[in-house]
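The file final10.cif comes next; it holds mmCIF, C-alpha atoms.
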data_data
loop_
_atom_site.group_PDB
_atom_site.id
_atom_site.type_symbol
_atom_site.label_atom_id
_atom_site.label_comp_id
_atom_site.auth_asym_id
_atom_site.auth_seq_id
_atom_site.Cartn_x
_atom_site.Cartn_y
_atom_site.Cartn_z
ATOM 1 C CA MET A 1 0.000 0.000 0.000
ATOM 2 C CA PHE A 2 2.787 2.395 0.924
ATOM 3 C CA VAL A 3 4.594 1.772 -2.372
ATOM 4 C CA TYR A 4 1.401 2.543 -4.278
ATOM 5 C CA LEU A 5 0.848 5.815 -2.409
ATOM 6 C CA LYS A 6 4.466 6.823 -2.879
ATOM 7 C CA ALA A 7 4.180 6.219 -6.639
ATOM 8 C CA LEU A 8 0.905 8.135 -6.764
ATOM 9 C CA PHE A 9 2.381 11.157 -4.982
ATOM 10 C CA LYS A 10 5.435 11.088 -7.240
ATOM 11 C CA SER A 11 3.181 11.007 -10.296
ATOM 12 C CA LEU A 12 1.119 13.929 -8.992
ATOM 13 C CA ALA A 13 4.263 15.902 -8.213
ATOM 14 C CA CYS A 14 5.447 15.465 -11.803
ATOM 15 C CA MET A 15 2.150 16.836 -13.085
ATOM 16 C CA PHE A 16 2.624 20.063 -11.153
ATOM 17 C CA ARG A 17 6.374 20.400 -11.521
ATOM 18 C CA ARG A 18 7.585 23.836 -12.419
ATOM 19 C CA TRP A 19 10.865 23.934 -14.212
ATOM 20 C CA PRO A 20 13.405 26.632 -13.455
ATOM 21 C CA ARG A 21 12.884 29.589 -15.769
ATOM 22 C CA HIS A 22 16.467 29.475 -17.064
ATOM 23 C CA VAL A 23 16.006 25.828 -18.090
ATOM 24 C CA GLU A 24 12.733 26.498 -19.906
ATOM 25 C CA LYS A 25 14.256 29.531 -21.619
ATOM 26 C CA ARG A 26 17.384 27.678 -22.733
ATOM 27 C CA MET A 27 15.408 24.693 -23.993
ATOM 28 C CA ALA A 28 12.613 26.723 -25.644
ATOM 29 C CA SER A 29 14.241 26.454 -29.073
ATOM 30 C CA VAL A 30 14.390 22.664 -28.768
ATOM 31 C CA ALA A 31 10.763 22.487 -27.637
ATOM 32 C CA GLU A 32 9.688 24.666 -30.575
ATOM 33 C CA LEU A 33 11.632 22.584 -33.092
ATOM 34 C CA LEU A 34 10.036 19.430 -31.702
ATOM 35 C CA LYS A 35 6.564 20.968 -32.030
ATOM 36 C CA GLN A 36 7.362 21.786 -35.665
ATOM 37 C CA ASN A 37 8.582 18.209 -36.266
ATOM 38 C CA LYS A 38 12.065 19.479 -37.144
ATOM 39 C CA TYR A 39 13.799 16.608 -35.418
ATOM 40 C CA LYS A 40 17.174 16.890 -37.144
ATOM 41 C CA ARG A 41 17.510 20.569 -36.167
ATOM 42 C CA ALA A 42 16.298 19.790 -32.646
ATOM 43 C CA GLY A 43 19.001 17.130 -32.359
ATOM 44 C CA LYS A 44 21.690 19.581 -33.422
ATOM 45 C CA GLU A 45 20.428 22.148 -30.923
ATOM 46 C CA ILE A 46 20.531 19.529 -28.169
ATOM 47 C CA ALA A 47 24.093 18.693 -29.208
ATOM 48 C CA TYR A 48 25.224 22.329 -29.010
ATOM 49 C CA ILE A 49 23.603 22.767 -25.610
ATOM 50 C CA SER A 50 25.232 19.535 -24.426
ATOM 51 C CA LEU A 51 28.692 20.720 -25.463
ATOM 52 C CA ASP A 52 28.138 23.962 -23.589
ATOM 53 C CA LEU A 53 26.960 22.129 -20.461
ATOM 54 C CA CYS A 54 29.998 19.824 -20.612
ATOM 55 C CA ALA A 55 32.287 22.856 -20.782
ATOM 56 C CA GLN A 56 30.523 24.479 -17.842
ATOM 57 C CA LEU A 57 30.838 21.305 -15.778
ATOM 58 C CA GLU A 58 34.537 20.963 -16.506
ATOM 59 C CA SER A 59 35.206 24.586 -15.588
ATOM 60 C CA ALA A 60 33.139 24.160 -12.381
ATOM 61 C CA LYS A 61 30.752 26.950 -13.431
ATOM 62 C CA MET A 62 27.892 24.495 -13.036
ATOM 63 C CA LYS A 63 27.224 21.586 -10.713
ATOM 64 C CA PRO A 64 26.229 18.163 -12.069
ATOM 65 C CA LYS A 65 22.722 18.335 -10.604
ATOM 66 C CA GLN A 66 22.163 21.695 -12.316
ATOM 67 C CA ALA A 67 23.203 20.297 -15.705
ATOM 68 C CA ASP A 68 21.111 17.175 -15.220
ATOM 69 C CA VAL A 69 17.937 19.276 -15.006
ATOM 70 C CA TYR A 70 18.224 20.261 -18.691
ATOM 71 C CA PHE A 71 18.103 16.635 -19.803
ATOM 72 C CA THR A 72 15.382 15.723 -17.326
ATOM 73 C CA TYR A 73 13.375 18.581 -18.813
ATOM 74 C CA LEU A 74 13.843 17.091 -22.299
ATOM 75 C CA LEU A 75 12.595 13.725 -21.099
ATOM 76 C CA ASP A 76 9.623 15.458 -19.516
ATOM 77 C CA ILE A 77 8.544 17.285 -22.686
ATOM 78 C CA MET A 78 8.886 14.305 -25.026
ATOM 79 C CA ASP A 79 8.620 10.547 -25.133
ATOM 80 C CA LEU A 80 11.874 9.179 -26.557
ATOM 81 C CA SER A 81 10.145 6.001 -27.684
ATOM 82 C CA VAL A 82 7.824 8.024 -29.948
ATOM 83 C CA VAL A 83 9.830 11.061 -31.093
ATOM 84 C CA PRO A 84 11.879 10.078 -34.178
ATOM 85 C CA LEU A 85 15.254 11.454 -33.112
ATOM 86 C CA GLN A 86 18.533 9.946 -34.289
ATOM 87 C CA LYS A 87 19.860 7.183 -32.061
ATOM 88 C CA GLU A 88 22.875 9.381 -31.211
ATOM 89 C CA VAL A 89 20.567 12.156 -29.992
ATOM 90 C CA LYS A 90 18.615 9.724 -27.834
ATOM 91 C CA ALA A 91 21.870 8.317 -26.426
ATOM 92 C CA LEU A 92 23.077 11.857 -25.690
ATOM 93 C CA ILE A 93 19.867 12.704 -23.826
ATOM 94 C CA LEU A 94 20.028 9.519 -21.789
ATOM 95 C CA GLU A 95 23.703 10.075 -20.967
ATOM 96 C CA GLY A 96 22.940 13.652 -19.943
ATOM 97 C CA ASN A 97 20.135 12.421 -17.754
ATOM 98 C CA VAL A 98 22.691 10.820 -15.416
ATOM 99 C CA LEU A 99 24.791 13.956 -15.057
ATOM 100 C CA ARG A 100 23.656 14.197 -11.454
ATOM 101 C CA ASP A 101 25.980 11.242 -10.845
ATOM 102 C CA TYR A 102 28.903 12.724 -12.785
ATOM 103 C CA GLY A 103 32.165 11.682 -11.170
ATOM 104 C CA LYS A 104 30.664 8.496 -9.753
ATOM 105 C CA LYS A 105 31.076 4.956 -11.083
ATOM 106 C CA PHE A 106 27.860 4.903 -13.121
ATOM 107 C CA GLY A 107 27.570 8.635 -13.770
ATOM 108 C CA ALA A 108 27.677 10.477 -17.068
ATOM 109 C CA ASP A 109 30.796 10.338 -19.212
ATOM 110 C CA LEU A 110 31.571 13.806 -20.589
ATOM 111 C CA ASN A 111 33.904 12.381 -23.236
ATOM 112 C CA ARG A 112 31.098 10.158 -24.549
ATOM 113 C CA MET A 113 28.700 13.099 -24.491
ATOM 114 C CA ARG A 114 31.134 15.222 -26.510
ATOM 115 C CA LYS A 115 31.677 12.428 -29.056
ATOM 116 C CA LEU A 116 27.931 11.969 -29.490
ATOM 117 C CA ALA A 117 27.334 15.721 -29.766
ATOM 118 C CA ASN A 118 30.122 16.184 -32.303
ATOM 119 C CA ALA A 119 28.807 13.261 -34.353
ATOM 120 C CA ILE A 120 25.348 14.847 -34.384
ATOM 121 C CA ILE A 121 26.672 18.270 -35.352
ATOM 122 C CA GLY A 122 28.980 16.823 -37.993
ATOM 123 C CA ASP A 123 26.186 14.821 -39.643
ATOM 124 C CA GLN A 124 25.252 16.875 -42.713
ATOM 125 C CA ASN A 125 22.539 14.539 -44.075
#

Could the structure of this file be written out as structure tokens, please?
Amino acid sequence: MFVYLKALFKSLACMFRRWPRHVEKRMASVAELLKQNKYKRAGKEIAYISLDLCAQLESAKMKPKQADVYFTYLLDIMDLSVVPLQKEVKALILEGNVLRDYGKKFGADLNRMRKLANAIIGDQN
């Protein structure tokens, strides 16, 4: 019973979650591109944002939990199983979604994120 109630409250909390304004503002272009079904451009935008977040993490201008919020926001506004993004873009989003554990054994790998982002940006098709 307790597990059920806990899951219910978590579900309700997600329905009323308010994202930080700076996250919504930064990701607005991605959200708009997704609404317009411009998935290739959305993927490139995600890649550019990812590279910037990686740089901010490495220079200690941002904490891992702060960077993780951007990717959690992406997962909240779209269903990766339905949105036809490239597999590299999906992998980048999922890798970014574990940024909160950056520096830990199973946390995000910034080198992998950069490789994925550069592959997405370099893809001219």

Up to 12 Å from (4.9, 17.2, -34.7) in the file's coordinates: name the residues, counting all atoms listed in the file, as an mmCIF file with C-alpha atoms, in the coordinates of the input.
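Output file selection34.cif follows:
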data_model
loop_
_atom_site.group_PDB
_atom_site.id
_atom_site.type_symbol
_atom_site.label_atom_id
_atom_site.label_comp_id
_atom_site.auth_asym_id
_atom_site.auth_seq_id
_atom_site.Cartn_x
_atom_site.Cartn_y
_atom_site.Cartn_z
ATOM 1 C CA ALA A 31 10.763 22.487 -27.637
ATOM 2 C CA GLU A 32 9.688 24.666 -30.575
ATOM 3 C CA LEU A 33 11.632 22.584 -33.092
ATOM 4 C CA LEU A 34 10.036 19.430 -31.702
ATOM 5 C CA LYS A 35 6.564 20.968 -32.030
ATOM 6 C CA GLN A 36 7.362 21.786 -35.665
ATOM 7 C CA ASN A 37 8.582 18.209 -36.266
ATOM 8 C CA LYS A 38 12.065 19.479 -37.144
ATOM 9 C CA TYR A 39 13.799 16.608 -35.418
ATOM 10 C CA ALA A 42 16.298 19.790 -32.646
ATOM 11 C CA MET A 78 8.886 14.305 -25.026
ATOM 12 C CA VAL A 82 7.824 8.024 -29.948
ATOM 13 C CA VAL A 83 9.830 11.061 -31.093
ATOM 14 C CA PRO A 84 11.879 10.078 -34.178
ATOM 15 C CA LEU A 85 15.254 11.454 -33.112
#

Problem set entry | Among listed residues A:Ala47, A:Ser29, A:Leu80, A:Arg41, nearest Met113 of chain A (using only C-alpha atoms) |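 Using only C-alpha atoms, the shortest distance to Met113 of chain A belongs to A:Ala47.
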
Exercise. So how far away is atom CA of Lys90 of chain A from atom CA of Ile77 of chain A, in Å?
Worked result: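 Pair atom CA of Ile77 of chain A / atom CA of Lys90 of chain A returns 13.6 Å.
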
For this session: Find the spatial neighbours of segment 95-112 of chain A, counting all atoms listed in the file, within a cut-off of 9 Å - ignore same-chain residues fewer than 5 positions away - and output them as a ChimeraX atom specification.
Result: /A:50-51,54,57-58,63-72,75,90,117

For this session: Excluding Ile46 of chain A and residues on its chain fewer than 6 positions from it, collect all residues at most 9 Å away from it, counting only C-alpha atoms, and give them as a ChimeraX atom specification.
Result: /A:27,30,89,92-93,117

Exercise. Hey, which of A:Tyr73, A:Gly122, A:Tyr48, A:Lys61 ends up closest to His22 of chain A? Count all atoms listed in the file.
Worked result: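 The closest residue to His22 of chain A is A:Tyr73.
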
Enclose all atoms of segment 41-45 of chain A listed in the file in an axis-aligned box, grow every side by 5 Å, and hand back centre and edge lengths in Å to one decimal, as JSON.
{"center_x": 19.0, "center_y": 19.6, "center_z": -33.5, "size_x": 15.4, "size_y": 15.0, "size_z": 15.2}

Problem set entry | Distance of atom CA of Ala28 of chain A from atom CA of Leu74 of chain A, expressed in Å to one decimal place | 10.3 Å

For this session: Just give me the gap between atom CA of Ala55 of chain A and atom CA of Ile121 of chain A in Å, one decimal is fine.
Result: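 Computing the Euclidean distance for atom CA of Ala55 of chain A and atom CA of Ile121 of chain A yields 16.3 Å.
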
For this session: Go through A:Gln56, A:Met62, A:Lys44, A:Asp76 one by one, measure the shortest atom-to-atom distance of each to Glu88 of chain A using all atoms listed in the file, and give the residue with the smallest value.
Result: A:Lys44

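Distances here use only C-alpha atoms; by that measure, the residue among A:Ile49, A:Lys40, A:Ser59, A:Ala119 closest to Val23 of chain A is A:Ile49.
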